[in-house]
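Enquirer: First the structure, which I've put down as structure tokens, then a few questions once you've had a look.
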Amino acid sequence: MSSIAPVLRRARIANSFAFGAQGFFLAVVLTELPQQKERFGLSDGVIAVSVVLISLLAGGGSVLAERLALRWSSRAAVRIGLLLVAVTGSAAAFAPNTPLLVAALGCYGIAVGIVDASTNMQAVFIQHGYGTFILSSFYAAWSAGTIAGALFVSGCEALEVTLRESLLAAAAIVLLLGWALGRGLLGVRDAETSPVETAASGPTVALRAYVGFGVAMAFVFAVDLAVGNWSALYLTDDLLAGSATAALAFAAYQGTSLVSRIAGDSLVRRFGPRPVVRAAAGTGVLGLALVVAAPSPAVAIAGFLVAGAGLPVIAPLCFSAAGQLATGRELDALIARLNLFNYAGTLLGGGVVGAIAASVGHRVGFVIPLLFAVALIGLSRVFRSHRVASAPPTRKLDQPTELGPATG
């Protein structure tokens, strides 16, 4: 990759930080919810509704990202989204009552959707420029960001930093990253503009493949949210673990997901997308089967660790494969709409699994993510089997390009 143009290298670094900033602030918001609960005397029901609200409005944010990218560029959408993340985070810090807090979190959900969709647009365009699979590395940056966010909150708690101060500090970090690195992203001349756009007829999206990628992504994010929301409760309520032990379940899953995403690029380049998806889904089935059958907390934690080593690598592969179905601004629209499956998955993981867990127990509830993992093995057929995971660049990036704010 020594011949990669400097503009692409800068864009990859900038977009990696954008992914990381998104994961960082999301982790801060979610891990600060117990403090918000105590501050306003919120019930578990209000907290659950707030999380669902964020997911629903994030879908609207993804649609808005499409409009912003079509109006200006995906780079403009990333920068606007990060600005809104910082502003809405600050608003949550200053919310004087529960209704305004929920409203601030709702606006934050819209910002999440904008950043999610637009950073994935950038990631696919950058991968096209590289001509090889690199998309998993962006998701590794997101995972690293979530870990950094959790550690940030832990450190603030240890230092007795107030809720308002910690949220404002986190928002300031996101704002500074967005301002400093935004110019390094690909502008409209280097991303959305392509020869295909000016042709008489653009590429036709393969609907069956597109839906397959979307369903696969929904299943992956459903498992992610199920583990995040219910793993600790499963260990405490069903396996009678202590709270400290229960927290290790999600930590194990996130830790191995980071490792799998770091390794994902090289695995796809070596074996191709279809074998990697099949192996990742099979690993997820094994891990979640251990979770469901676990006689003790240690076995359940081991199961979450194994599942994290496989399933999280599939989501970037969905965006990468979909990126071969379109180019230019049509690709912006396709990625934004594909991102909606992300939030459908979070509703499945939070709603369906939660409802089953509430009625018959968390062990039975985790059968649903297990079935999703089994389905992913079958869905691996929609991925191409060849080793080249990305399309050729939509325009030649052989010289550094000045990326000023006028083009997004």
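A note on labels: chains of the structure tokens are A, B, ... as shown, every chain counts residues from 1, and ligands are counted from 1 in their shown order.
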Skip Val153 of chain A itself and residues of its chain fewer than 2 positions away, then list as a PDB file with N, CA, C and O atoms, in the first residue's frame all residues within 8 Å of it, counting only C-alpha atoms.

Expert:
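Final output, saved to result-v1.pdb:
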ATOM      1  N   VAL A  28     -20.003   7.132  26.805  1.00  0.00           N
ATOM      2  CA  VAL A  28     -20.162   8.096  27.902  1.00  0.00           C
ATOM      3  C   VAL A  28     -21.639   8.281  28.230  1.00  0.00           C
ATOM      4  O   VAL A  28     -22.048   8.239  29.398  1.00  0.00           O
ATOM      5  N   THR A  31     -23.103   4.950  29.793  1.00  0.00           N
ATOM      6  CA  THR A  31     -22.589   4.630  31.129  1.00  0.00           C
ATOM      7  C   THR A  31     -22.925   5.717  32.146  1.00  0.00           C
ATOM      8  O   THR A  31     -22.841   5.483  33.355  1.00  0.00           O
ATOM      9  N   GLU A  32     -23.312   6.913  31.663  1.00  0.00           N
ATOM     10  CA  GLU A  32     -23.755   7.967  32.572  1.00  0.00           C
ATOM     11  C   GLU A  32     -25.249   7.849  32.901  1.00  0.00           C
ATOM     12  O   GLU A  32     -25.744   8.578  33.758  1.00  0.00           O
ATOM     13  N   GLY A 149     -14.371   5.553  26.201  1.00  0.00           N
ATOM     14  CA  GLY A 149     -15.475   6.263  26.839  1.00  0.00           C
ATOM     15  C   GLY A 149     -15.831   5.681  28.196  1.00  0.00           C
ATOM     16  O   GLY A 149     -16.072   6.419  29.162  1.00  0.00           O
ATOM     17  N   ALA A 150     -15.864   4.346  28.270  1.00  0.00           N
ATOM     18  CA  ALA A 150     -16.168   3.703  29.542  1.00  0.00           C
ATOM     19  C   ALA A 150     -15.090   4.009  30.579  1.00  0.00           C
ATOM     20  O   ALA A 150     -15.383   4.282  31.754  1.00  0.00           O
ATOM     21  N   LEU A 151     -13.824   3.981  30.149  1.00  0.00           N
ATOM     22  CA  LEU A 151     -12.728   4.296  31.066  1.00  0.00           C
ATOM     23  C   LEU A 151     -12.762   5.767  31.480  1.00  0.00           C
ATOM     24  O   LEU A 151     -12.433   6.106  32.619  1.00  0.00           O
ATOM     25  N   GLY A 155     -12.952   6.975  35.248  1.00  0.00           N
ATOM     26  CA  GLY A 155     -11.989   7.905  35.823  1.00  0.00           C
ATOM     27  C   GLY A 155     -12.659   9.130  36.428  1.00  0.00           C
ATOM     28  O   GLY A 155     -12.259   9.600  37.506  1.00  0.00           O
ATOM     29  N   CYS A 156     -13.683   9.646  35.749  1.00  0.00           N
ATOM     30  CA  CYS A 156     -14.401  10.798  36.287  1.00  0.00           C
ATOM     31  C   CYS A 156     -15.083  10.458  37.605  1.00  0.00           C
ATOM     32  O   CYS A 156     -15.104  11.277  38.539  1.00  0.00           O
ATOM     33  N   GLU A 157     -15.643   9.245  37.675  1.00  0.00           N
ATOM     34  CA  GLU A 157     -16.276   8.820  38.919  1.00  0.00           C
ATOM     35  C   GLU A 157     -15.250   8.704  40.041  1.00  0.00           C
ATOM     36  O   GLU A 157     -15.506   9.119  41.175  1.00  0.00           O
ATOM     37  N   SER A 166     -18.348  16.080  33.427  1.00  0.00           N
ATOM     38  CA  SER A 166     -17.851  14.967  32.611  1.00  0.00           C
ATOM     39  C   SER A 166     -18.500  14.957  31.225  1.00  0.00           C
ATOM     40  O   SER A 166     -17.821  14.724  30.214  1.00  0.00           O
TER      41      SER A 166
END

Enquirer: Per residue of segment 135-213 of chain A within 12 Å of segment 217-230 of chain A, which atom pair is closest and at what distance in Å (one decimal), using only C-alpha atoms, listed by chain and increasing number, as a Markdown table?

Expert:
| residue | atom | partner | partner_atom | distance |
| --- | --- | --- | --- | --- |
| A:Ser143 | CA | A:Asp224 | CA | 11.8 |
| A:Thr146 | CA | A:Gly228 | CA | 12.0 |
| A:Tyr210 | CA | A:Met217 | CA | 10.7 |
| A:Val211 | CA | A:Met217 | CA | 9.8 |
| A:Gly212 | CA | A:Met217 | CA | 8.6 |
| A:Phe213 | CA | A:Met217 | CA | 6.2 |

Enquirer: Print the selection's residues with all heavy atoms to a file, as a PDB file, in the first residue's frame.

Expert:
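Saved to out12.pdb:
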ATOM      1  N   SER A 143     -14.819   0.473  18.368  1.00  0.00           N
ATOM      2  CA  SER A 143     -14.729  -0.353  19.576  1.00  0.00           C
ATOM      3  C   SER A 143     -13.736   0.241  20.567  1.00  0.00           C
ATOM      4  O   SER A 143     -13.988   0.285  21.776  1.00  0.00           O
ATOM      5  CB  SER A 143     -14.319  -1.788  19.213  1.00  0.00           C
ATOM      6  OG  SER A 143     -15.305  -2.423  18.428  1.00  0.00           O
ATOM      7  N   THR A 146     -15.364   3.130  22.327  1.00  0.00           N
ATOM      8  CA  THR A 146     -16.293   2.767  23.395  1.00  0.00           C
ATOM      9  C   THR A 146     -15.546   2.389  24.671  1.00  0.00           C
ATOM     10  O   THR A 146     -15.981   2.738  25.770  1.00  0.00           O
ATOM     11  CB  THR A 146     -17.191   1.595  22.972  1.00  0.00           C
ATOM     12  OG1 THR A 146     -16.400   0.431  22.701  1.00  0.00           O
ATOM     13  CG2 THR A 146     -18.004   1.938  21.744  1.00  0.00           C
ATOM     14  N   TYR A 210     -28.852  -6.464  -1.595  1.00  0.00           N
ATOM     15  CA  TYR A 210     -28.970  -5.344  -0.665  1.00  0.00           C
ATOM     16  C   TYR A 210     -29.773  -5.730   0.570  1.00  0.00           C
ATOM     17  O   TYR A 210     -29.374  -5.460   1.709  1.00  0.00           O
ATOM     18  CB  TYR A 210     -29.622  -4.166  -1.395  1.00  0.00           C
ATOM     19  CG  TYR A 210     -30.042  -3.032  -0.500  1.00  0.00           C
ATOM     20  CD1 TYR A 210     -29.121  -2.125  -0.003  1.00  0.00           C
ATOM     21  CD2 TYR A 210     -31.379  -2.866  -0.142  1.00  0.00           C
ATOM     22  CE1 TYR A 210     -29.505  -1.083   0.806  1.00  0.00           C
ATOM     23  CE2 TYR A 210     -31.783  -1.819   0.666  1.00  0.00           C
ATOM     24  CZ  TYR A 210     -30.844  -0.932   1.142  1.00  0.00           C
ATOM     25  OH  TYR A 210     -31.230   0.086   1.948  1.00  0.00           O
ATOM     26  N   VAL A 211     -30.922  -6.373   0.356  1.00  0.00           N
ATOM     27  CA  VAL A 211     -31.751  -6.792   1.486  1.00  0.00           C
ATOM     28  C   VAL A 211     -31.006  -7.831   2.327  1.00  0.00           C
ATOM     29  O   VAL A 211     -31.070  -7.812   3.565  1.00  0.00           O
ATOM     30  CB  VAL A 211     -33.099  -7.353   0.995  1.00  0.00           C
ATOM     31  CG1 VAL A 211     -33.874  -7.974   2.140  1.00  0.00           C
ATOM     32  CG2 VAL A 211     -33.918  -6.252   0.335  1.00  0.00           C
ATOM     33  N   GLY A 212     -30.277  -8.733   1.669  1.00  0.00           N
ATOM     34  CA  GLY A 212     -29.498  -9.725   2.413  1.00  0.00           C
ATOM     35  C   GLY A 212     -28.464  -9.091   3.315  1.00  0.00           C
ATOM     36  O   GLY A 212     -28.313  -9.477   4.484  1.00  0.00           O
ATOM     37  N   PHE A 213     -27.746  -8.088   2.791  1.00  0.00           N
ATOM     38  CA  PHE A 213     -26.760  -7.379   3.621  1.00  0.00           C
ATOM     39  C   PHE A 213     -27.446  -6.668   4.781  1.00  0.00           C
ATOM     40  O   PHE A 213     -26.943  -6.650   5.911  1.00  0.00           O
ATOM     41  CB  PHE A 213     -25.983  -6.368   2.776  1.00  0.00           C
ATOM     42  CG  PHE A 213     -25.251  -6.966   1.603  1.00  0.00           C
ATOM     43  CD1 PHE A 213     -25.158  -6.276   0.405  1.00  0.00           C
ATOM     44  CD2 PHE A 213     -24.657  -8.216   1.699  1.00  0.00           C
ATOM     45  CE1 PHE A 213     -24.498  -6.819  -0.676  1.00  0.00           C
ATOM     46  CE2 PHE A 213     -23.986  -8.767   0.617  1.00  0.00           C
ATOM     47  CZ  PHE A 213     -23.914  -8.067  -0.576  1.00  0.00           C
TER      48      PHE A 213
END

Enquirer: Could you list, as JSON, numbers by chain, every residue within 12 Å of segment 295-305 of chain A, counting only C-alpha atoms and ignoring same-chain residues fewer than 4 positions away?

Expert: {"A": [223, 224, 226, 227, 228, 230, 231, 232, 233, 234, 235, 236, 237, 238, 239, 240, 241, 242, 243, 244, 245, 246, 247, 248, 249, 250, 251, 252, 253, 254, 255, 256, 257, 258, 259, 260, 283, 284, 285, 286, 287, 288, 289, 290, 291, 309, 310, 311, 312, 362, 363, 366, 369, 370]}

Enquirer: What's the 6 Å shell around Leu186 of chain A, counting only C-alpha atoms, without same-chain residues fewer than 4 positions away, as a PyMOL selection string?

Expert: chain A and resi 11+190-191

Enquirer: Take the selection from the previous step and output its residues with N, CA, C and O atoms, as a CSV table (one decimal), in the first residue's frame.

Expert:
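Heads up, here's the output in selection-v3.csv:
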chain,number,residue,atom,x,y,z
A,11,ALA,N,-7.5,10.8,4.9
A,11,ALA,CA,-9.0,10.5,5.1
A,11,ALA,C,-9.2,9.3,6.0
A,11,ALA,O,-10.1,9.3,6.8
A,190,ASP,N,-13.5,14.1,-4.4
A,190,ASP,CA,-12.8,12.9,-4.2
A,190,ASP,C,-13.6,11.7,-3.8
A,190,ASP,O,-13.2,10.6,-3.8
A,191,ALA,N,-14.9,11.9,-3.5
A,191,ALA,CA,-15.8,10.8,-3.1
A,191,ALA,C,-17.0,10.7,-4.0
A,191,ALA,O,-17.1,9.8,-4.8

Enquirer: Quick one: everything within 9 Å of Ala92 of chain A, counting only C-alpha atoms, minus sequence neighbours fewer than 5 positions away in the same chain. Send it as a list in words.

Expert: Val87, Leu100, Leu101, Val102, Ala103, Ala104, Leu105, Tyr108, Arg164 and Leu167 of chain A

Enquirer: For Ser55 of chain A, which residue among A:Val268, A:Gly109, A:Pro275, A:Val374 is the nearest when counting only C-alpha atoms?

Expert: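 Closest to Ser55 of chain A of all the choices is A:Gly109.
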
Enquirer: Can you tell me how far atom CA of Ser320 of chain A sits from atom CA of Asp265 of chain A, in Å to one decimal?

Expert: 10.9 Å

Enquirer: Tell me, as a list in words, which residues lie within 7 Å of Asn339 of chain A, counting only C-alpha atoms; anything in the same chain fewer than 3 positions away does not count.

Expert: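 The neighbour list is Ser62, Ala117, Ile335, Ala336 and Asn342 of chain A.
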
Enquirer: Could those selected residues go to a file with N, CA and C atoms, as a short mmCIF file (atom, residue, chain, number, x, y, z; two decimals), in the first residue's frame?

Expert:
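This went into out_32.cif:
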data_model
loop_
_atom_site.label_atom_id
_atom_site.label_comp_id
_atom_site.auth_asym_id
_atom_site.auth_seq_id
_atom_site.Cartn_x
_atom_site.Cartn_y
_atom_site.Cartn_z
N SER A 62 -30.18 8.95 10.12
CA SER A 62 -29.56 8.31 8.97
C SER A 62 -30.16 8.81 7.67
N ALA A 117 -24.25 7.00 9.61
CA ALA A 117 -24.41 6.84 8.16
C ALA A 117 -23.27 7.51 7.40
N ILE A 335 -25.92 3.64 1.30
CA ILE A 335 -25.32 3.41 2.62
C ILE A 335 -26.23 3.97 3.72
N ALA A 336 -26.81 5.15 3.50
CA ALA A 336 -27.70 5.75 4.50
C ALA A 336 -28.90 4.84 4.75
N ASN A 342 -29.39 -1.17 10.91
CA ASN A 342 -28.69 -1.10 12.19
C ASN A 342 -29.69 -0.88 13.32
#

Enquirer: Could you tell me how far atom CA of Gln22 of chain A sits from atom CA of Gly184 of chain A, in Å to one decimal place?

Expert: 16.9 Å

Enquirer: For Leu57 of chain A, work out the shell of residues within 9 Å, counting only C-alpha atoms and skipping chain neighbours fewer than 3 positions away, then give it as a ChimeraX atom specification.

Expert: /A:52-54,60-62,106-113

Enquirer: Between A:Leu348, A:Phe133, A:Ala321, A:Arg329, single out the one closest to Arg270 of chain A, counting only C-alpha atoms.

Expert: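 Between A:Leu348, A:Phe133, A:Ala321, A:Arg329, the residue approaching Arg270 of chain A most closely is A:Phe133.
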
Enquirer: Ranking A:Leu371, A:Val277, A:Leu338, A:Ala27 by minimum distance to Val292 of chain A and counting only C-alpha atoms, which one comes first?

Expert: A:Leu371

Enquirer: So which one's closest to Asn15 of chain A, A:Ala326, A:Val115, A:Leu176, A:Ala93? Using only C-alpha atoms, please.

Expert: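 Between A:Ala326, A:Val115, A:Leu176, A:Ala93, the residue approaching Asn15 of chain A most closely is A:Val115.
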